[in-house]
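Encoded as structure tokens, the structure appears first; notes follow it.
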Amino acid sequence: MLASEIATVFFLFNVLLRSSLVHSQGLQRGFYDSSCPDAEDIVRSTVEKYYNNDATIAPGLLRLHFHDCFVQGCDASVLISGASSERSAPQNFGLRGFEVIDDAKSQLESTCPGVVSCADILALAARDSVDLTGGPSWSVPLGRRDGRISSAADAKALPSPADPVSVQRQKFADQGLSDHDLVTLVGAHTIGQTDCAFVRYRLYNFTATGNADPSISPAFLPQLRALCPPNGDPARRVALDRDGAGSFDAAFFKNVRDGNAALESDQRLWGDGATQGVVQKYAGNIRGLFGLRFTYEFPKAMVSLGGVAVKTGRQGEIRRRCSRFN
């Protein structure tokens, strides 16, 4: 397929995405067109400012939205500060991007006070982060309201890096998300990083065998061991996509297929019949089409994620500050 043909397909995909992803769980496209017409531009410019200073903020913002939606729904409960708040849970260790959301919220409160929710800012910032890293853009259905509950105990709903596929499947199903959504959303790891603490147990004495996790490619194992030696820094960063963690693309799925996934939970997707089929679909290398299917499917999965247990209408509140209830 010629480059011009690929560009045309990309253009058509984006047209379809922008025209079809309109409503989700009572949300709507253009929700702030009258009440705060500059809302999306303010969020975009704020994300871009931080991204230009530190590109790793993009996966941080994407992860922040994901973690928010899996606990109490997409209601900005993860942003609340406090000793027993959701944000303080061990599962939320390392979450980043709070300052970006706070900055955008401050600007929005100056422009149109009491109108734009923190939950919607999270959803927009996640979309903009994908776009800035070379991934697709899409129309984000808006109208979420902010929740009034934030508890660390509820963070157990979040997937873990060591979860087998059966547990991952159940946790996604609990949010109304399918196996297809699971694999597609895990594709966000194409721009992600993790700590050696979540990788090293696979490299030396996996399940007390004295050996490495056999699902790791023999060619990839020495690379991981060099990054994460037995007594090395557990906080050292490891790219979740060995082919380039800064660019949003489908190469991540080739890595899963070939045994080159850093996280056990990612690699396990290749060992399950249902999820393997989706991984293979995205990893396929039909000439000229590699990655386009994922580019089309990822926004749809993000809209599904962004509609999980949302609060609308008179539910919840519009926080004045994202880190505390009104």
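Ligands are numbered from 1 in the order shown, residues from 1 within each chain, and chains are lettered A, B, ... in the order they appear in the structure tokens.
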
### Near-region 154-165 of chain A list (8 Å; only C-alpha atoms; drop same-chain fewer than 6 positions) as a list of chain:residue names
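Listed by chain and then number, they are A:His67, A:Phe70, A:Val71, A:Gln72, A:Glu86, A:Ala89, A:Gln91, A:Asn92, A:Lys171, A:Phe198, A:Leu263, A:Glu264, A:Ser265, A:Asp266, A:Arg268, A:Leu269, A:Asp272.
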
### Task
From a DSSP pass on the backbone, collect the residues of region 179-252 of chain A flagged as strand (DSSP E or B) and hand them back as a list in words.
Gln193, Thr194, Asp195, Arg237, Val238 and Ala239 of chain A

### Message
If DSSP is run on the backbone, what residues of region 39-271 of chain A are helix (DSSP H, G or I)? A reply as a PyMOL selection string would be ideal.
### Response
chain A and resi 39-53+57-69+77-79+86-88+90-92+98-111+118-132+152-157+165-173+179-191+196-198+200-202+206-208+221-227+251-257+264-270

### Task
Excluding Pro214 (chain A) and residues on its chain fewer than 3 positions from it, collect all residues at most 12 Å away from it, counting only C-alpha atoms, and give them as a PyMOL selection string.
chain A and resi 202-207+209-211+217-221+259-260+264+267-268+271

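Comparing the minimum interatomic distances between Pro90 (chain A) and each of A:Ala152, A:Arg237, A:Val303, A:Asp179, counting only C-alpha atoms, we find that A:Ala152 sits nearest.
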
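Considering only C-alpha atoms, the residue among A:Ser106, A:Ser81, A:Gln193, A:Thr111 positioned nearest to Ser35 (chain A) is A:Thr111.
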
### Message
For a test of reading the model, state the distance in Å between CA of Ala188 (chain A) and CA of Asp103 (chain A), rounded to one decimal.
### Response
24.1 Å

### Message
Ranking A:Lys300, A:Arg29, A:Arg169, A:Arg200 by minimum distance to Ala262 (chain A) and counting only C-alpha atoms, which one comes first?
### Response
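Of all the options, A:Arg200 lies closest to Ala262 (chain A).
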
### Query
By how many Å are CA of Gly232 (chain A) and CA of Thr194 (chain A) apart?
14.6 Å

### Summary
If you count only C-alpha atoms, the residue of A:Leu177, A:Val100, A:Gln28, A:Asp41 closest to Asn53 (chain A) turns out to be A:Val100

### Message
Applying 8 Å and only C-alpha atoms, which residues near region 133-135 of chain A remain after dropping the ones on its own chain fewer than 5 positions away? List them as a list in words.
### Response
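Returned residues: Ala58, Ile191, Gly246, Ser247, Phe248, Asp249 and Thr295 of chain A.
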
### Task
Using only C-alpha atoms, find the one residue out of A:Pro59, A:Gly147, A:Pro141, A:Gly26 that sits nearest to Glu40 (chain A).
A:Pro141
